[in-house]
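Asks: Contents of run.txt (compact mmCIF, C-alpha atoms and all ligand atoms) are given next:
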```txt
# COMPACT_ATOMS: atom_id res chain seq x y z
CA MET A 106 4.70 -10.99 -72.68
CA VAL A 107 1.64 -10.29 -70.53
CA ARG A 108 0.01 -7.04 -71.62
CA ARG A 109 -2.98 -5.35 -69.99
CA VAL A 110 -4.85 -3.52 -72.69
CA ASN A 111 -6.83 -1.32 -70.34
CA SER A 112 -3.69 -0.01 -68.70
CA LEU A 113 -2.31 1.31 -71.98
CA GLU A 114 -2.14 4.96 -72.89
CA PRO A 115 -3.10 5.44 -76.56
CA LYS A 116 -0.05 6.51 -78.54
CA THR A 117 -0.61 4.91 -81.95
CA VAL A 118 -3.60 3.78 -84.06
CA GLY A 119 -3.04 0.29 -82.63
CA ASP A 120 -3.12 1.69 -79.11
CA GLU A 121 -6.31 3.63 -79.84
CA PHE A 122 -7.88 0.45 -81.05
CA ALA A 123 -6.72 -1.32 -77.89
CA LEU A 124 -8.33 1.46 -75.85
CA LEU A 125 -11.59 1.06 -77.75
CA VAL A 126 -11.61 -2.67 -77.05
CA SER A 127 -10.76 -2.14 -73.42
CA CYS A 128 -13.75 0.16 -72.96
CA VAL A 129 -16.39 -2.01 -74.64
CA VAL A 130 -18.78 -3.14 -71.91
CA ASP A 131 -21.34 -5.25 -73.76
CA TYR A 132 -18.83 -7.80 -75.02
CA ALA A 133 -16.07 -9.64 -73.24
CA ILE A 134 -13.13 -9.26 -75.62
CA PHE A 135 -9.78 -10.75 -74.70
CA MET A 136 -6.80 -12.53 -76.12
CA LEU A 137 -5.32 -15.91 -75.38
CA ASP A 138 -1.81 -17.03 -76.17
CA ALA A 139 -1.32 -20.10 -78.34
CA THR A 140 -1.69 -22.40 -75.28
CA GLY A 141 -4.92 -20.81 -74.06
CA ARG A 142 -3.55 -18.53 -71.32
CA ILE A 143 -5.28 -15.19 -70.94
CA VAL A 144 -3.22 -12.24 -72.23
CA THR A 145 -5.63 -9.27 -72.28
CA TRP A 146 -8.90 -8.41 -70.51
CA ASN A 147 -11.46 -5.67 -71.15
CA GLU A 148 -14.27 -3.89 -69.25
CA GLY A 149 -16.91 -6.15 -70.78
CA ALA A 150 -15.01 -9.26 -69.71
CA GLN A 151 -14.82 -7.99 -66.15
CA ARG A 152 -18.53 -7.10 -66.18
CA ILE A 153 -19.70 -10.38 -67.70
CA LYS A 154 -17.33 -12.80 -65.95
CA GLY A 155 -16.79 -10.97 -62.68
CA TYR A 156 -12.95 -11.28 -62.65
CA THR A 157 -10.64 -8.28 -62.67
CA ALA A 158 -7.69 -8.29 -65.08
CA ASP A 159 -5.27 -9.03 -62.22
CA GLU A 160 -7.20 -12.12 -61.27
CA VAL A 161 -7.23 -13.77 -64.70
CA ILE A 162 -4.29 -12.65 -66.77
CA GLY A 163 -1.84 -15.52 -67.06
CA ARG A 164 -4.45 -18.17 -66.16
CA HIS A 165 -5.80 -20.79 -68.57
CA PHE A 166 -9.19 -19.88 -70.01
CA SER A 167 -10.67 -23.27 -68.99
CA ILE A 168 -11.58 -21.63 -65.64
CA PHE A 169 -14.63 -20.19 -67.42
CA TYR A 170 -16.05 -23.63 -68.24
CA PRO A 171 -18.31 -25.85 -66.13
CA PRO A 172 -16.07 -28.49 -64.44
CA GLU A 173 -17.41 -31.42 -66.50
CA GLU A 174 -16.55 -29.59 -69.75
CA ALA A 175 -13.13 -28.56 -68.48
CA ARG A 176 -12.47 -32.20 -67.52
CA ASN A 177 -13.51 -33.34 -71.00
CA ARG A 178 -10.95 -30.89 -72.43
CA LYS A 179 -13.62 -29.01 -74.34
CA PRO A 180 -11.62 -25.72 -74.09
CA ASP A 181 -8.61 -27.32 -75.78
CA TRP A 182 -10.83 -28.83 -78.42
CA GLU A 183 -12.32 -25.39 -79.17
CA LEU A 184 -8.86 -23.88 -79.61
CA GLU A 185 -7.86 -26.80 -81.81
CA THR A 186 -10.93 -26.18 -84.00
CA ALA A 187 -10.15 -22.46 -84.24
CA ARG A 188 -6.55 -23.28 -85.10
CA ARG A 189 -7.63 -25.69 -87.83
CA GLU A 190 -10.57 -23.76 -89.28
CA GLY A 191 -9.67 -20.17 -88.38
CA ARG A 192 -12.71 -19.74 -86.15
CA TYR A 193 -14.84 -21.51 -83.55
CA MET A 194 -18.37 -20.35 -82.68
CA GLU A 195 -20.99 -21.65 -80.28
CA GLU A 196 -23.61 -20.81 -77.69
CA GLY A 197 -23.22 -22.56 -74.34
CA TRP A 198 -23.02 -22.32 -70.58
CA ARG A 199 -20.01 -20.58 -69.02
CA LEU A 200 -19.10 -19.84 -65.41
CA ARG A 201 -18.79 -16.49 -63.70
CA LYS A 202 -16.29 -15.96 -60.92
CA ASP A 203 -19.01 -16.44 -58.32
CA GLY A 204 -19.79 -19.88 -59.78
CA THR A 205 -23.10 -18.90 -61.40
CA ARG A 206 -23.71 -19.89 -65.00
CA PHE A 207 -24.50 -17.63 -67.91
CA TRP A 208 -25.52 -18.43 -71.47
CA ALA A 209 -22.73 -17.24 -73.70
CA SER A 210 -22.40 -16.59 -77.39
CA VAL A 211 -18.71 -17.32 -78.07
CA VAL A 212 -16.45 -16.65 -81.05
CA ILE A 213 -12.80 -17.73 -80.94
CA THR A 214 -10.62 -16.52 -83.80
CA ALA A 215 -7.10 -17.79 -84.51
CA LEU A 216 -4.65 -14.84 -84.78
CA ARG A 217 -1.74 -15.38 -87.14
CA ASP A 218 1.10 -13.07 -88.16
CA GLN A 219 2.13 -12.33 -91.75
CA THR A 220 4.22 -15.49 -91.90
CA GLY A 221 1.20 -17.53 -90.88
CA ARG A 222 2.58 -18.35 -87.45
CA LEU A 223 -0.11 -18.73 -84.77
CA ARG A 224 0.22 -15.86 -82.27
CA GLY A 225 -2.78 -16.67 -80.14
CA PHE A 226 -6.53 -16.36 -80.16
CA GLY A 227 -9.06 -13.54 -79.95
CA LYS A 228 -12.13 -14.36 -77.95
CA VAL A 229 -15.41 -12.40 -78.07
CA ILE A 230 -18.23 -13.34 -75.70
CA ARG A 231 -21.71 -11.95 -75.31
CA ASP A 232 -23.98 -12.74 -72.32
CA LEU A 233 -27.28 -13.97 -73.76
CA THR A 234 -28.74 -15.29 -70.50
CA GLU A 235 -31.56 -12.76 -70.52
CA ARG A 236 -32.46 -13.48 -74.14
CA ARG A 237 -32.36 -17.18 -73.45
CA GLU A 238 -34.56 -16.79 -70.37
CA GLN A 239 -37.06 -14.77 -72.37
CA GLU A 240 -36.99 -17.46 -75.05
CA GLU A 241 -37.56 -20.10 -72.40
CA VAL A 242 -40.50 -18.17 -70.97
CA ARG A 243 -41.91 -17.81 -74.50
CA ASN A 244 -41.29 -21.49 -75.23
CA SER A 245 -42.93 -22.69 -72.04
CA ALA A 246 -45.92 -20.39 -72.64
CA ARG A 247 -46.14 -21.83 -76.14
CA ASP A 248 -45.82 -25.41 -74.80
CA ARG A 249 -48.57 -24.74 -72.27
CA GLU A 250 -50.83 -23.29 -74.94
CA GLU A 251 -50.11 -26.26 -77.21
CA ALA A 252 -50.89 -28.70 -74.39
CA ARG A 253 -54.13 -26.82 -73.67
CA LEU A 254 -55.17 -26.97 -77.32
CA ARG A 255 -54.21 -30.64 -77.54
CA ALA A 256 -56.26 -31.44 -74.43
CA HIS A 257 -59.16 -29.49 -75.89
CA ALA A 258 -58.89 -31.37 -79.19
CA ASP A 259 -58.69 -34.71 -77.34
CA ARG A 260 -61.75 -33.79 -75.30
CA MET A 261 -63.67 -32.79 -78.45
CA ALA A 262 -62.69 -36.07 -80.10
CA GLU A 263 -63.80 -37.97 -76.99
CA LEU A 264 -67.15 -36.14 -76.97
CA GLU A 265 -67.53 -36.87 -80.67
CA ARG A 266 -66.89 -40.56 -79.96
CA ILE A 267 -69.41 -40.59 -77.10
CA LYS A 268 -71.97 -38.87 -79.31
CA ALA A 269 -71.48 -41.48 -82.00
CA GLN A 270 -71.90 -44.24 -79.39
CA PHE A 271 -75.05 -42.55 -78.15
CA LEU A 272 -76.58 -42.31 -81.60
CA ASN A 273 -75.69 -45.92 -82.30
CA LEU A 274 -77.17 -47.00 -79.03
CA ALA A 275 -80.29 -44.90 -79.39
CA SER A 276 -81.05 -46.35 -82.78
CA HIS A 277 -80.20 -49.92 -81.79
CA GLU A 278 -81.66 -50.12 -78.29
CA LEU A 279 -84.71 -47.93 -78.79
CA ARG A 280 -85.76 -49.39 -82.11
CA GLY A 281 -86.37 -52.85 -80.61
CA PRO A 282 -89.05 -51.87 -78.09
CA LEU A 283 -90.52 -49.24 -80.43
CA THR A 284 -91.01 -51.80 -83.20
CA LEU A 285 -92.76 -54.09 -80.75
CA ILE A 286 -94.96 -51.29 -79.40
CA ARG A 287 -95.89 -50.24 -82.95
CA GLY A 288 -96.73 -53.83 -83.87
CA TYR A 289 -99.06 -54.35 -80.89
CA ASN A 290 -100.62 -50.95 -81.44
CA SER A 291 -101.59 -51.74 -85.03
CA MET A 292 -102.99 -55.12 -83.88
CA LEU A 293 -105.08 -53.27 -81.26
CA GLN A 294 -106.30 -50.88 -83.97
CA ASP A 295 -107.35 -53.53 -86.45
CA GLY A 296 -108.97 -55.65 -83.72
CA SER A 297 -106.75 -58.69 -84.27
CA ILE A 298 -106.14 -59.01 -80.51
CA PRO A 299 -109.01 -60.78 -78.76
CA ALA A 300 -110.58 -58.69 -75.99
CA GLY A 301 -109.51 -61.22 -73.36
CA GLN A 302 -105.82 -60.71 -74.21
CA VAL A 303 -105.86 -56.92 -74.12
CA PRO A 304 -104.87 -56.64 -70.42
CA ALA A 305 -101.84 -58.92 -71.02
CA VAL A 306 -100.81 -56.88 -74.07
CA ALA A 307 -101.23 -53.68 -72.08
CA ARG A 308 -98.88 -55.06 -69.39
CA LEU A 309 -96.33 -56.01 -72.05
CA LEU A 310 -96.56 -52.54 -73.60
CA GLU A 311 -96.10 -51.05 -70.13
CA ILE A 312 -92.89 -53.04 -69.61
CA LYS A 313 -91.55 -52.00 -73.02
CA LEU A 314 -92.41 -48.36 -72.39
CA ALA A 315 -90.65 -48.54 -69.02
CA HIS A 316 -87.63 -49.95 -70.83
CA VAL A 317 -87.64 -47.01 -73.27
CA ASP A 318 -88.02 -44.61 -70.33
CA LEU A 319 -85.06 -46.19 -68.53
CA LEU A 320 -82.89 -45.97 -71.64
CA VAL A 321 -83.71 -42.32 -72.19
CA GLU A 322 -83.11 -41.55 -68.51
CA GLN A 323 -79.73 -43.39 -68.52
CA MET A 324 -78.62 -41.50 -71.60
CA LEU A 325 -79.66 -38.19 -70.10
CA GLU A 326 -77.85 -38.99 -66.85
CA THR A 327 -74.70 -39.88 -68.78
CA ALA A 328 -74.94 -36.63 -70.74
CA ARG A 329 -75.41 -34.65 -67.50
CA LEU A 330 -72.32 -36.29 -65.99
CA GLU A 331 -70.39 -35.43 -69.13
CA HIS A 332 -71.28 -31.75 -68.84
CA ASP A 333 -70.98 -31.51 -65.06
CA SER A 334 -74.55 -30.30 -64.76
CA PHE A 335 -75.18 -33.18 -62.39
CA ASP A 336 -76.91 -31.49 -59.47
CA THR A 337 -77.61 -33.90 -56.67
CA PHE A 338 -80.54 -33.36 -54.41
CA ARG A 339 -79.53 -34.06 -50.82
CA GLN A 340 -81.79 -35.44 -48.15
CA ARG A 341 -81.56 -37.75 -45.12
CA PHE A 342 -83.22 -41.10 -45.56
CA ASP A 343 -83.06 -44.75 -44.55
CA LEU A 344 -81.42 -46.80 -47.29
CA GLY A 345 -83.20 -49.84 -45.80
CA ASP A 346 -86.53 -48.36 -47.00
CA VAL A 347 -85.13 -47.95 -50.51
CA VAL A 348 -83.95 -51.59 -50.52
CA GLN A 349 -87.40 -52.73 -49.37
CA GLU A 350 -89.16 -50.67 -52.09
CA GLN A 351 -86.94 -52.14 -54.79
CA LEU A 352 -87.50 -55.69 -53.47
CA ASP A 353 -91.24 -55.02 -53.74
CA ILE A 354 -90.79 -53.96 -57.37
CA PHE A 355 -88.46 -56.79 -58.42
CA ARG A 356 -90.08 -59.78 -56.63
CA PRO A 357 -93.26 -59.88 -58.74
CA ILE A 358 -91.50 -59.34 -62.09
CA SER A 359 -88.78 -61.97 -61.48
CA PRO A 360 -90.66 -65.20 -60.75
CA ASP A 361 -87.59 -67.40 -61.45
CA HIS A 362 -85.55 -65.80 -58.67
CA GLN A 363 -85.86 -65.99 -54.89
CA PHE A 364 -85.08 -62.63 -53.30
CA MET A 365 -83.74 -62.89 -49.73
CA LEU A 366 -83.01 -60.03 -47.36
CA ASP A 367 -80.36 -60.30 -44.66
CA ASP A 368 -80.49 -57.14 -42.56
CA ASP A 369 -79.12 -57.08 -39.03
CA GLY A 370 -81.84 -54.75 -37.80
CA THR A 371 -79.64 -51.64 -37.85
CA GLN A 372 -80.85 -48.45 -39.48
CA LEU A 373 -79.10 -47.38 -42.66
CA VAL A 374 -79.47 -43.62 -42.49
CA VAL A 375 -77.56 -41.83 -45.25
CA GLU A 376 -77.59 -38.37 -46.76
CA GLY A 377 -77.94 -37.90 -50.50
CA ASP A 378 -80.03 -38.01 -53.61
CA ARG A 379 -82.65 -40.64 -52.74
CA ALA A 380 -83.98 -41.17 -56.29
CA ARG A 381 -80.51 -41.66 -57.71
CA ILE A 382 -79.41 -44.01 -54.95
CA ALA A 383 -82.61 -45.96 -55.57
CA THR A 384 -81.52 -46.38 -59.21
CA ILE A 385 -78.24 -47.91 -57.97
CA ILE A 386 -80.13 -50.59 -56.02
CA ALA A 387 -82.49 -51.08 -58.99
CA ASN A 388 -79.54 -51.51 -61.36
CA LEU A 389 -77.87 -54.04 -59.06
CA PHE A 390 -81.12 -56.06 -58.77
CA ASP A 391 -81.71 -55.75 -62.53
CA ASN A 392 -78.22 -57.09 -63.26
CA ALA A 393 -78.55 -59.89 -60.68
CA VAL A 394 -81.73 -61.02 -62.43
CA LYS A 395 -80.51 -60.49 -66.01
CA TYR A 396 -77.18 -62.21 -65.54
CA SER A 397 -78.54 -65.28 -63.78
CA PRO A 398 -80.74 -66.56 -66.63
CA ALA A 399 -81.15 -69.95 -64.94
CA GLY A 400 -82.73 -68.31 -61.91
CA GLY A 401 -81.60 -68.93 -58.33
CA GLU A 402 -81.27 -66.96 -55.15
CA ILE A 403 -80.61 -63.24 -55.04
CA CYS A 404 -79.46 -62.35 -51.57
CA CYS A 405 -79.41 -58.77 -50.38
CA THR A 406 -77.31 -58.06 -47.28
CA THR A 407 -77.42 -54.68 -45.53
CA ARG A 408 -75.04 -53.50 -42.79
CA ASN A 409 -74.10 -50.37 -40.86
CA ARG A 410 -70.52 -50.60 -39.54
CA ASP A 411 -67.80 -48.07 -38.71
CA SER A 412 -69.75 -45.08 -40.08
CA GLN A 413 -70.32 -46.95 -43.32
CA VAL A 414 -73.55 -48.28 -44.70
CA SER A 415 -73.42 -51.14 -47.19
CA VAL A 416 -75.86 -53.00 -49.41
CA SER A 417 -74.63 -56.18 -51.13
CA VAL A 418 -76.50 -57.95 -53.89
CA ARG A 419 -75.33 -61.53 -54.48
CA ASP A 420 -76.56 -63.74 -57.31
CA GLN A 421 -75.89 -67.33 -58.42
CA GLY A 422 -75.56 -66.43 -62.06
CA LEU A 423 -72.95 -66.27 -64.81
CA GLY A 424 -70.21 -64.57 -62.84
CA ILE A 425 -67.54 -62.36 -64.35
CA ALA A 426 -64.14 -63.40 -65.70
CA ALA A 427 -61.15 -61.66 -64.08
CA GLU A 428 -60.00 -60.24 -67.43
CA HIS A 429 -63.36 -58.50 -67.86
CA MET A 430 -63.27 -56.72 -64.50
CA PRO A 431 -61.54 -53.54 -65.75
CA ARG A 432 -64.36 -52.95 -68.22
CA LEU A 433 -67.21 -53.42 -65.79
CA PHE A 434 -67.74 -49.84 -64.60
CA THR A 435 -66.83 -48.06 -67.83
CA ARG A 436 -69.26 -46.16 -70.03
CA PHE A 437 -70.98 -48.58 -72.46
CA GLY A 438 -68.97 -51.32 -70.74
CA ARG A 439 -70.97 -54.35 -71.85
CA LEU A 440 -68.85 -57.47 -71.53
CA PRO A 441 -68.01 -59.40 -74.71
CA THR A 442 -69.56 -62.64 -73.42
CA GLU A 443 -71.48 -65.25 -75.39
CA GLU A 444 -74.53 -64.70 -73.18
CA ASN A 445 -74.61 -60.96 -73.85
CA VAL A 446 -75.50 -61.67 -77.47
CA THR A 447 -79.00 -62.51 -76.22
CA ILE A 448 -79.14 -60.50 -72.97
CA ASN A 449 -80.07 -56.87 -73.70
CA GLY A 450 -78.32 -53.91 -72.14
CA THR A 451 -76.56 -50.68 -72.88
CA GLY A 452 -73.58 -51.01 -70.56
CA LEU A 453 -74.47 -47.73 -68.88
CA GLY A 454 -75.97 -49.17 -65.68
CA LEU A 455 -72.84 -49.84 -63.61
CA PHE A 456 -71.06 -46.79 -65.00
CA LEU A 457 -73.85 -44.58 -63.66
CA CYS A 458 -74.02 -46.52 -60.37
CA LYS A 459 -70.29 -46.00 -59.73
CA GLU A 460 -70.46 -42.31 -60.66
CA ILE A 461 -73.41 -41.67 -58.35
CA ALA A 462 -71.82 -43.65 -55.51
CA THR A 463 -68.47 -41.83 -55.72
CA ARG A 464 -70.21 -38.46 -55.95
CA HIS A 465 -71.80 -39.36 -52.60
CA GLY A 466 -68.41 -40.17 -51.07
CA GLY A 467 -69.03 -43.89 -51.48
CA ASP A 468 -68.11 -46.68 -53.88
CA ILE A 469 -69.23 -49.91 -55.50
CA THR A 470 -67.09 -53.01 -55.22
CA VAL A 471 -67.45 -56.42 -56.80
CA LYS A 472 -66.51 -60.03 -56.06
CA SER A 473 -67.25 -62.68 -58.62
CA GLU A 474 -66.50 -66.21 -59.68
CA PRO A 475 -67.28 -67.25 -63.26
CA GLY A 476 -70.07 -69.83 -63.25
CA ALA A 477 -70.82 -69.37 -59.54
CA GLY A 478 -72.19 -65.84 -59.29
CA SER A 479 -71.34 -62.27 -58.41
CA GLU A 480 -71.69 -59.97 -55.44
CA PHE A 481 -71.87 -56.20 -55.93
CA THR A 482 -71.63 -53.98 -52.83
CA LEU A 483 -72.71 -50.37 -52.56
CA ILE A 484 -70.90 -48.52 -49.77
CA LEU A 485 -72.02 -45.08 -48.58
CA PRO A 486 -70.95 -42.95 -45.64
CA ALA A 487 -73.48 -43.19 -42.83
CA ALA A 488 -75.18 -39.88 -42.05
CA PRO A 489 -73.67 -38.27 -38.93
N1 LIG A 501 -74.47 -59.55 -61.67
C1 LIG A 501 -73.78 -59.72 -62.79
N2 LIG A 501 -73.33 -60.94 -63.15
C2 LIG A 501 -72.61 -61.10 -64.28
N3 LIG A 501 -72.26 -60.12 -65.12
C3 LIG A 501 -72.66 -58.88 -64.80
C4 LIG A 501 -73.43 -58.60 -63.64
N4 LIG A 501 -73.68 -57.28 -63.59
C5 LIG A 501 -73.10 -56.76 -64.69
N5 LIG A 501 -72.50 -57.71 -65.42
C6 LIG A 501 -71.73 -57.52 -66.67
O1 LIG A 501 -71.28 -56.19 -66.70
C7 LIG A 501 -71.70 -55.51 -67.87
C8 LIG A 501 -72.02 -54.08 -67.50
O2 LIG A 501 -73.17 -54.01 -66.68
P1 LIG A 501 -74.11 -52.77 -66.77
O3 LIG A 501 -75.18 -52.92 -65.76
O4 LIG A 501 -73.25 -51.55 -66.71
O5 LIG A 501 -74.66 -52.81 -68.24
P2 LIG A 501 -75.83 -53.68 -68.86
O6 LIG A 501 -76.53 -54.46 -67.82
O7 LIG A 501 -75.23 -54.42 -69.98
O8 LIG A 501 -76.78 -52.56 -69.43
P3 LIG A 501 -77.77 -51.61 -68.62
O9 LIG A 501 -77.60 -51.88 -67.17
O10 LIG A 501 -77.32 -50.25 -68.98
O11 LIG A 501 -79.09 -51.94 -69.17
C9 LIG A 501 -72.90 -56.29 -68.35
O12 LIG A 501 -73.04 -56.17 -69.74
C10 LIG A 501 -72.59 -57.69 -67.91
O13 LIG A 501 -71.85 -58.35 -68.89
MG MG A 502 -77.21 -53.39 -66.03
```
Show the structure stored in the file as structure tokens.
Ligand SMILES: Nc1ncnc2c1ncn2[C@@H]1O[C@H](COP(=O)(O)OP(=O)(O)OP(=O)(O)O)[C@@H](O)[C@H]1O
Ligand SMILES: [Mg+2]

Replies:
Amino acid sequence: MVRRVNSLEPKTVGDEFALLVSCVVDYAIFMLDATGRIVTWNEGAQRIKGYTADEVIGRHFSIFYPPEEARNRKPDWELETARREGRYMEEGWRLRKDGTRFWASVVITALRDQTGRLRGFGKVIRDLTERREQEEVRNSARDREEARLRAHADRMAELERIKAQFLNLASHELRGPLTLIRGYNSMLQDGSIPAGQVPAVARLLEIKLAHVDLLVEQMLETARLEHDSFDTFRQRFDLGDVVQEQLDIFRPISPDHQFMLDDDGTQLVVEGDRARIATIIANLFDNAVKYSPAGGEICCTTRNRDSQVSVSVRDQGLGIAAEHMPRLFTRFGRLPTEENVTINGTGLGLFLCKEIATRHGGDITVKSEPGAGSEFTLILPAAP
């Protein structure tokens, strides 16, 4: 028999209880017959699910389930569990009449008479969507905070690693020239260097001091980049002049190399930090010399095309293996080559060059063939 609890007048204790249930608004409380058809319906059920009693009584309760669950016969399985174990409880998605989902806390209880015969099921449902949403908000805030802390910890670990590399490098790379400088200095003090050789020693000391200077400057630049306190000084200048200045510096100190300049007569006006861009050209020349120990030509080509200015430095040296390319522009990215055991360097040069170039809206590219030589090209936007 189909009975609508909320249409009953209370006449007995049982009826009063039915009235109480019918008036509860925070919980959907209703009964199913043994096959899962809806028998009673209360205020709460109407409020939570959106159906009136007339619309649902007599229908199978699987209408409250998302279609994929109804197809998988989950409703029947829940009743079967309640039948077997007396009760079935879960939290899960259910459907309202308008098709929207809500997060439900569900309890299904098997109702048996005194003889133990199954009369049907009582179903109590609470809408926990709001609680779940709040939990989700809390969880995602917690996830974000965790991610932030993780990123911070990673960054600290990275900085710690860089610091260790720095200290290693400082002790290793600076100690060499300092030992040499100290040695010559004590020889100068005790007069063991003949007067005629003093100018040559002074030149050597000058080169070593310049090397120490360069190292310190590279390390400071790297540290500035790390902390974003890298203020670039912007001015308009002709990159061709910078190339010429660097050629004038490198020609006399690299007697085993022939420096050639191929410019097409165009001006190379750019806007940027002149001193820093000069260090890019210096680094490219320094590498071209260092990594062609057998000497040879170093050809510098400058062009101004399509609002882009370029300076290429091509050597006939060792070249770079394809598998080493990804390492080339990384911090401390010295290549693990046999030759690098005897060729000094910190692996900061190209890293700094690339950083400076990209911060000027430009780039550095490379073409190389092992054993035949390399060509590095600095590209910068031409000044308007
Ligand atoms: N022209 C080149 N030919 C062959 N290998 C090169 C050339 N330029 C750079 N390399 C390789 O790339 C690595 C990175 O170069 P980079 O200039 O960054 O560092 P470095 O020369 O070792 O040290 P630094 O320039 O800081 O003194 C070098 O160690 C070298 O192995
Ligand atoms: Mg270098």

Asks: What lies within 10 Å of A:Leu279 using only C-alpha atoms, ignoring chain neighbours under 6 positions off, as a PyMOL selection string?

Replies: chain A and resi 273+313+316-318+320-321

Asks: Residues at most 6 Å from ligand LIG 501 (chain A), using only C-alpha atoms and all ligand atoms? Could they come as number ranges by chain?

Replies: A: 392-393, 396, 423-425, 433, 438-440, 450-456, 479

Asks: Nearest residue to A:Glu235 out of A:Val161, A:Leu216, A:Ala209, A:Ala269, using only C-alpha atoms?

Replies: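 Of all the options, A:Ala209 lies closest to A:Glu235.
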
Asks: Do you have the atom CA of A:Phe364-atom CA of A:Ala427 distance handy?

Replies: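 Straight-line distance from atom CA of A:Phe364 to atom CA of A:Ala427 works out to 26.3 Å.
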
Asks: Using all atoms listed in the file, which of the listed residues (A:Ile448, A:Leu330, A:Val130, A:Ala150) sits closest to A:Glu278?

Replies: A:Ile448

Asks: Do you have the atom CA of A:Val347-atom CA of A:Glu402 distance handy?

Replies: 19.9 Å

Asks: Looking at only C-alpha atoms and all ligand atoms, which of A:Asn449, A:Ser210, A:Thr327, A:Ser245 is the one that sits closest to ligand MG 502 (chain A)?

Replies: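 Result for the nearest residue to ligand MG 502 (chain A): A:Asn449.
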
Asks: Could you state the separation of atom CA of A:Ile230 and atom CA of A:Leu137 in Å, given to one decimal place?

Replies: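 It comes out at 13.2 Å.
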
Asks: Residues at most 12 Å from A:Tyr156, counting all atoms listed in the file, excluding those fewer than 3 positions away in the same chain, as a ChimeraX atom specification?

Replies: /A:133,143,146-153,159-162,164,166,168-169,200-204

Asks: Go through A:Arg410, A:Pro172, A:Ala380, A:Ala328 one by one, measure the shortest atom-to-atom distance of each to A:Leu264 using only C-alpha atoms, and give the residue with the smallest value.

Replies: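 Distance minimum relative to A:Leu264 lands on A:Ala328.
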
Asks: Counting all atoms listed in the file, which of A:Val242, A:Ala275, A:Ile385, A:Ala139 gets nearest to A:Thr214?

Replies: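 Closest to A:Thr214 of all the choices is A:Ala139.
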
Asks: For A:Glu428, which residue out of A:Pro475, A:Phe207, A:Glu460, A:Arg178 is the nearest one, using only C-alpha atoms?

Replies: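 Residue with the minimum atom-to-atom distance to A:Glu428: A:Pro475.
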
Asks: Got a sec: who's within 8 Å of A:Asp378, counting only C-alpha atoms, leaving out chain neighbours fewer than 4 positions off, as a PDB file with C-alpha atoms, in the coordinates of the input?

Replies:
```pdb
ATOM      1  CA  THR A 337     -77.610 -33.900 -56.670  1.00  0.00           C
ATOM      2  CA  PHE A 338     -80.540 -33.360 -54.410  1.00  0.00           C
ATOM      3  CA  ARG A 339     -79.530 -34.060 -50.820  1.00  0.00           C
ATOM      4  CA  GLN A 340     -81.790 -35.440 -48.150  1.00  0.00           C
ATOM      5  CA  ILE A 382     -79.410 -44.010 -54.950  1.00  0.00           C
TER       6      ILE A 382
END
```

Asks: For a cutoff of 8 Å around the file-coordinate point (-0.6, -15.0, -78.5), which residues qualify once you count all atoms listed in the file? I'd like the result as a ChimeraX atom specification.

Replies: /A:136-139,144,216,223-226
